[in-house]
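K.L.:
Sharing a structure here in structure tokens format.
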Number of protein chains: 2
Amino acid sequence: MFKVRAIEIVLSIRPAMNLKELATKLGLSPTTVSRALNGYPEVNEATRERVMAAAKRHNYYPNTRAIRLATGRAMAVGHVIPIATRHEIVNPVFADFIAGAGETYSRNDYDMVLSVVPDEGEEDTYRSLKSKGNVDGVIVHAPRMNDPRIPLLREIGLPFVVHGRATGTAEPYCWLDVNNRRAFQRATEFLLDLGHTRIALVNGLEFMDFAIRRRTGYVDALTARGITPDPALMASDEMTEIAGFRAASAMLALPNPPTAILAASMISGMGVRRAVEGKGLTVGREVSIIIHDDDLSYMKNGEDVPIFTATRSSVREAGRLAAEMLLDVIAHPEAAPQQRLLEAELIIGQSTGPAPKG
Amino acid sequence: MFKVRAIEIVLSIRPAMNLKELATKLGLSPTTVSRALNGYPEVNEATRERVMAAAKRHNYYPNTRAIRLATGRAMAVGHVIPIATRHEIVNPVFADFIAGAGETYSRNDYDMVLSVVPDEGEEDTYRSLKSKGNVDGVIVHAPRMNDPRIPLLREIGLPFVVHGRATGTAEPYCWLDVNNRRAFQRATEFLLDLGHTRIALVNGLEFMDFAIRRRTGYVDALTARGITPDPALMASDEMTEIAGFRAASAMLALPNPPTAILAASMISGMGVRRAVEGKGLTVGREVSIIIHDDDLSYMKNGEDVPIFTATRSSVREAGRLAAEMLLDVIAHPEAAPQQRLLEAELIIGQSTGPAPKG
DNA sequence: TTGCGCATCCAAAGCGGTTTGAATTGATTC
DNA sequence: GAATCAATTCAAACCGCTTTGGATGCGCAA
């Protein structure tokens with residue numbers, strides 16, 4: 001009994017083999033072993049193979065902490081998530097973005113570190129992340145108008161990529177965004193082409209940059225066809241089922257109700273649908289609905305919910321691409337800021353149809 | 001122009017002040033400065049204050065990478081998220097758990113590192129996390145029956161805490177779980193007390209441990225009152241809106257339909273509600289519904305959705321507590337495995353009422 | 001034969017902290 | 001007045017890797 005236990009303890013306590021030990025075992029210097037493993041040219045191919053084999057055999061893994069200190073790089077990327085507001089991790093869209101970004105980091109041997117901090121501590125977090133050297137760069141989530149994080153990050157010299165854009169920021173910076181304006185413009189045009197003229201917008205909160213752009217696209221499309229946007233047909237609220245339900249219910253109760261509704265997300269779209277059906281109307285006949293579909297992996301349009309006509313853009317893919325961009329920025333800090341605009345595609349589903357005859 | 005640019009570059013390139021520099025500036029040895037900052041007793045209080053002040057003034061932050069190498073601790077905790085399946089990050093519940101855990105880590109100056117890896121790579125990930133020394137411990141998510149990760153982690157000696165339990169694992173291990181069996185037992189009893197006898201269960205996938213326990217609780221409660229569980233009233237599927245809708249619709253179409261339905265989550269509960277209303281029935285009168293409510297921050301029962309009667313247990317709080325447990329295990333690796341069972345509370349909402357008179 | 005270049009390999013100096021083992025000093029004890 | 005002790009402080013080793021600046025040996029042109 002005691003004996004067995006002692007052995008276990010020894011086994012679990014024995015530290016992992018390190019470079020020096022491996023080198024000794026091979027009768028080589030740590031320098032050569034390190035170079036052999038890292039693919040440097042100044043080492044004999046036969047030697048390299050011997051080293052690689054030995055490393056595998058003794059399953060040697062270089063200690064990440066030592067590498068990080070020696071190279072001066074963190075090999076890690078940060079995502080700072082403020083709590084208290086209901087718009088971040090809280091938001092189911094966020095999880096998919098993180099999943100996408102995480103795939104990229106895994107492939108490149110980077111760690112993804114999430115910092116969950118109180119709202120007011122976000123700036124301090126960036127500062128300390130930088131000066132303590134925990135990460136090589138960060139992704140900025142959910143930009144707002146004149147977002148203070150952008151000048152801050154530039155000032156402290158921490159590489160970053162913004163997911164979305166911050167209206168009002170003058171200096172160029174790295175970002176990756178979906179063309180929200182164009183997406184909602186196209187969706188609106190699609191409805192106009194179907195003969196709709198009373199088209200409503202159930203938007204997200206309009207201090208978020210993407211919501212502003214969506215409204216612009218919607219308004220532009222209407223205006224271009226000579227239709228004056230009706231404030232009664234524009235709502236702005238959280239993107240929840242109940243908010244969608246309420247906004248749509250109110251609009252449908254108007255003397256001159258909409259025949260088509262644009263919803264900001266799948267969830268609010270479900271609320272809109274409930275409102276329409278609750279009025280005894282049929283979606284796609286009396287009332288058309290178009291949603292924006294982030295292509296969430298746990299809630300596929302047409303799989304988990306009936307097929308909505310939608311402007312679709314995978315937020316997970318956006319996560320992958322934003323992460324790639326960030327790694328690139330980290331590798332080439334002096335390069336000009338990259339910017340990338342993804343286009344959403346218009347998916348025709350069963351929730352839209354010709355405008356009902358007056 | 002050039003001048004300004006040059007200054008910027010110098011500013012952004014100048015490395016952060018380090019211990020040695022600070023020590024020199026103070027006319028002290030690095031040893032003393034380090035000790036002063038870390039609260040060791042063998043340093044004069046006057047000196048300590050001088051050091052603290054200087055550190056703040058020059059805003060010195062110790063380099064995390066160096067600390068990690070020197071102390072041999074990663075000061076980081078891992079969460080491994082397999083992709084490909086639809087049950088992890090993918091799952092909106094997961095985000096809230098992570099947020100809760102993240103709060104704990106922030107408070108304790110630990111980093112939270114998320115590894116998003118392909119399903120089949122999960123075991124290798126744990127191995128490499130351990131041998132490369134990236135983390136001091138991990139949280140195991142979504143345990144299944146006879147989960148292979150538990151023996152693996154024990155074997156490689158990486159501290160861990162399981163969120164949930166793994167039926168079939170013999171050796172004791174650390175876990176934190178909600179008493180799912182009791183929660184569903186109580187919910188079922190509550191319905192029985194209201195006079196219901198045809199009670200249905202719309203469960204999650206039953207290879208997940210929590211789903212098994214919930215069914216047990218449900219079956220036990222029925223059996224204890226002399227009611228034989230009816231297989232036609234038990235469904236098991238993804239916890240999506242559409243799955244809830246389909247399962248409930250099928251049950252309500254039976255010759256002898258249920259008068260009450262237990263749903264595994266808020267989302268599937270919404271599907272159940274849609275099915276009930278779609279049949280022209282009223283929730284809380286003809287059909288009672290009880291859901292399990294994870295108290296998700298982006299979807300509050302009674303705020304974003306009408307109030308359901310529910311068994312409630314905050315998954316975010318679970319994240320906080322599990323993280324605390326893990327930090328404790330890391331600090332005292334030799335201690336006996338901790339285990340903690342959280343009780344869900346029964347929230348009485350508007351979705352339940354007395355059984356309709358036959 | 002000498003010298004140069006190339007291919008290999010290695011000793012040692014970092015990276016920026018923590019921690020061990022002593023040294024220094026002034027006060028206390030006998 | 002010598003020895004002892006507690007309070008402070010420091011020099012140096014160490015954590016495990018990378019990287020600089022040589023060595024070493026050998027083939028080959030001069």
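Following the order of the structure tokens, chains are lettered A, B, ..., residues in each are numbered from 1, and ligands are numbered from 1.
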Give me the residues near region 311-327 of chain A as a PyMOL selection string, where near means some atom within 8 Å (using only C-alpha atoms (C1' of nucleotides)) and where sequence neighbours in that chain fewer than 2 positions away do not count.
P.N.:
chain A and resi 93+96-105+137-139+159-163+175-178+183-184+187+290-296+309+329-331+338+342-347
K.L.:
Can you list every residue of chain A that has an atom at most 6 Å from chain B, with its nearest atom pair and the distance in Å to one decimal, using only C-alpha atoms, ordered by chain then number, as JSON lines?
P.N.:
{"residue": "A:Ser12", "atom": "CA", "partner": "B:Gly157", "partner_atom": "CA", "distance": 5.7}
{"residue": "A:Tyr61", "atom": "CA", "partner": "B:Lys132", "partner_atom": "CA", "distance": 5.6}
{"residue": "A:Pro62", "atom": "CA", "partner": "B:Lys132", "partner_atom": "CA", "distance": 5.9}
{"residue": "A:Asn63", "atom": "CA", "partner": "B:Lys132", "partner_atom": "CA", "distance": 4.6}
{"residue": "A:Thr64", "atom": "CA", "partner": "B:Lys132", "partner_atom": "CA", "distance": 5.3}
{"residue": "A:Arg65", "atom": "CA", "partner": "B:Leu69", "partner_atom": "CA", "distance": 5.3}
{"residue": "A:Ala66", "atom": "CA", "partner": "B:Leu69", "partner_atom": "CA", "distance": 5.8}
{"residue": "A:Leu69", "atom": "CA", "partner": "B:Arg65", "partner_atom": "CA", "distance": 5.3}
{"residue": "A:Val90", "atom": "CA", "partner": "B:Tyr298", "partner_atom": "CA", "distance": 5.3}
{"residue": "A:Pro92", "atom": "CA", "partner": "B:Pro92", "partner_atom": "CA", "distance": 5.8}
{"residue": "A:Gly102", "atom": "CA", "partner": "B:Val116", "partner_atom": "CA", "distance": 5.1}
{"residue": "A:Glu103", "atom": "CA", "partner": "B:Val116", "partner_atom": "CA", "distance": 5.6}
{"residue": "A:Met112", "atom": "CA", "partner": "B:Val113", "partner_atom": "CA", "distance": 5.4}
{"residue": "A:Val113", "atom": "CA", "partner": "B:Val113", "partner_atom": "CA", "distance": 4.4}
{"residue": "A:Leu114", "atom": "CA", "partner": "B:Met112", "partner_atom": "CA", "distance": 5.6}
{"residue": "A:Val116", "atom": "CA", "partner": "B:Gly102", "partner_atom": "CA", "distance": 5.1}
{"residue": "A:Lys132", "atom": "CA", "partner": "B:Asn63", "partner_atom": "CA", "distance": 4.6}
{"residue": "A:Gly157", "atom": "CA", "partner": "B:Ser12", "partner_atom": "CA", "distance": 5.6}
{"residue": "A:Ile242", "atom": "CA", "partner": "B:Asp304", "partner_atom": "CA", "distance": 5.2}
{"residue": "A:Ser297", "atom": "CA", "partner": "B:Val90", "partner_atom": "CA", "distance": 5.9}
{"residue": "A:Tyr298", "atom": "CA", "partner": "B:Val90", "partner_atom": "CA", "distance": 5.3}
{"residue": "A:Asp304", "atom": "CA", "partner": "B:Ile242", "partner_atom": "CA", "distance": 5.2}
{"residue": "A:Val305", "atom": "CA", "partner": "B:Ile242", "partner_atom": "CA", "distance": 5.9}
K.L.:
Generate the output file for the selected residues, C-alpha atoms, as a PDB file, in the first residue's frame.
P.N.:
ATOM      1  CA  SER A  12       3.608  12.460 -10.711  1.00  0.00           C
ATOM      2  CA  TYR A  61       8.156  19.108 -25.044  1.00  0.00           C
ATOM      3  CA  PRO A  62       9.956  22.417 -24.673  1.00  0.00           C
ATOM      4  CA  ASN A  63       8.739  24.403 -21.699  1.00  0.00           C
ATOM      5  CA  THR A  64       6.493  27.178 -22.918  1.00  0.00           C
ATOM      6  CA  ARG A  65       7.338  29.474 -20.052  1.00  0.00           C
ATOM      7  CA  ALA A  66      11.025  29.318 -20.862  1.00  0.00           C
ATOM      8  CA  LEU A  69      10.953  34.441 -21.557  1.00  0.00           C
ATOM      9  CA  VAL A  90     -23.432  37.427 -22.559  1.00  0.00           C
ATOM     10  CA  PRO A  92     -24.511  34.247 -27.872  1.00  0.00           C
ATOM     11  CA  GLY A 102      -9.700  29.909 -31.215  1.00  0.00           C
ATOM     12  CA  GLU A 103      -9.374  27.613 -34.184  1.00  0.00           C
ATOM     13  CA  MET A 112      -6.117  32.517 -26.392  1.00  0.00           C
ATOM     14  CA  VAL A 113      -6.521  34.239 -23.078  1.00  0.00           C
ATOM     15  CA  LEU A 114      -9.876  35.608 -22.046  1.00  0.00           C
ATOM     16  CA  VAL A 116     -13.383  38.831 -17.893  1.00  0.00           C
ATOM     17  CA  LYS A 132       3.196  42.553 -17.809  1.00  0.00           C
ATOM     18  CA  GLY A 157       1.594  50.063 -28.453  1.00  0.00           C
ATOM     19  CA  ILE A 242     -39.243  39.430 -26.369  1.00  0.00           C
ATOM     20  CA  SER A 297     -23.469  26.874 -34.896  1.00  0.00           C
ATOM     21  CA  TYR A 298     -26.019  26.091 -32.224  1.00  0.00           C
ATOM     22  CA  ASP A 304     -33.164  24.576 -35.698  1.00  0.00           C
ATOM     23  CA  VAL A 305     -35.647  27.159 -36.911  1.00  0.00           C
TER      24      VAL A 305
END
K.L.:
Which value, in Å to one decimal, gives the distance between CA of Leu201 (chain A) and CA of Ser236 (chain A)?
P.N.:
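That distance, rounded to one decimal, is 8.2 Å.
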K.L.:
Set out as a Markdown table a contact list for chain C and chain B with a cut-off of 10 Å, giving each residue of chain C that qualifies its closest atom pair and distance in Å to one decimal, counting only C-alpha atoms (C1' of nucleotides), ordered by chain and rising residue number.
P.N.:
| residue | atom | partner | partner_atom | distance |
| --- | --- | --- | --- | --- |
| C:DC15 | C1' | B:Ala66 | CA | 7.6 |
| C:DG16 | C1' | B:Ala66 | CA | 5.0 |
| C:DG17 | C1' | B:Ala66 | CA | 4.8 |
| C:DT18 | C1' | B:Ala70 | CA | 5.6 |
| C:DT19 | C1' | B:Thr31 | CA | 8.7 |
K.L.:
If you count only C-alpha atoms (C1' of nucleotides), which residues fall within 10 Å of region 20-29 of chain D, apart from same-chain ones fewer than 6 positions away, as a list in words?
P.N.:
DG3, DC4, DG5, DC6, DA7, DT8, DC9, DC10, DA11, DA12, DA13 and DG14 of chain C
K.L.:
Go through chain D and flag each residue having an atom no more than 6 Å from chain A; for those, report the closest pair of atoms plus their distance in Å to one decimal, using only C-alpha atoms (C1' of nucleotides), ordered by chain and rising number, as CSV.
P.N.:
residue,atom,partner,partner_atom,distance
D:DG16,C1',A:Ala66,CA,5.0
D:DC17,C1',A:Ala66,CA,4.9
D:DT18,C1',A:Ala70,CA,5.6
K.L.:
Using the selection just defined, write its residues with C-alpha atoms (C1' of nucleotides) as a CSV table (one decimal), in the first residue's frame.
P.N.:
chain,number,residue,atom,x,y,z
D,16,DG,C1',14.7,26.3,-19.2
D,17,DC,C1',15.1,28.0,-23.3
D,18,DT,C1',17.3,31.1,-27.4
K.L.:
Name the residues in contact with Ile289 (chain A) at a cut-off of 7 Å, using only C-alpha atoms (C1' of nucleotides), excluding same-chain residues fewer than 2 positions from it; report them as a PyMOL selection string.
P.N.:
chain A and resi 260-262+283-284+287+291+309+351-352
K.L.:
By how many Å are CA of Phe190 (chain B) and CA of Thr216 (chain B) apart?
P.N.:
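A separation of 15.9 Å between them.
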K.L.:
List every residue of region 18-192 of chain B that DSSP, applied to the backbone of this structure, assigns to alpha helix (DSSP H), and report them as a ChimeraX atom specification.
P.N.:
/B:19-26,30-37,45-57,64-71,92-107,122-131,149-156,180-192
K.L.:
With DSSP run on the backbone, what are the strand (DSSP E or B) residues within region 160-320 of chain A? I'd like them as an MDAnalysis selection string.
P.N.:
chainID A and resid 160:163 175:178 199:203 208 234:236 260:263 283 287:293 301 305 309:312
K.L.:
So that I can see what lies close to DC5 (chain D), please list as a PyMOL selection string the residues with an atom at most 10 Å from it, counting only C-alpha atoms (C1' of nucleotides) and leaving out residues fewer than 4 positions away in the same chain.
P.N.:
chain C and resi 27-29
K.L.:
Please produce a file of those selected residues containing C-alpha atoms (C1' of nucleotides), as a PDB file, in the first residue's frame.
P.N.:
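That gives us result-v7.pdb:
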ATOM      1  C1'  DA C  27      21.370  46.082  19.874  1.00  0.00           C
ATOM      2  C1'  DT C  28      21.304  42.794  23.586  1.00  0.00           C
ATOM      3  C1'  DT C  29      23.282  39.509  26.746  1.00  0.00           C
TER       4       DT C  29
END
K.L.:
Between CA of Gly121 (chain A) and CA of Leu153 (chain A), what is the spacing in Å?
P.N.:
14.4 Å
K.L.:
Skipping near chain neighbours, those fewer than 4 positions away, what residues fall within 12 Å of Ile212 (chain B) using only C-alpha atoms (C1' of nucleotides), listed as JSON, numbers by chain?
P.N.:
{"B": [143, 144, 145, 164, 165, 166, 167, 179, 180, 181, 184, 201, 203, 204, 205, 206, 207, 208, 216, 217, 218, 219, 236, 264]}
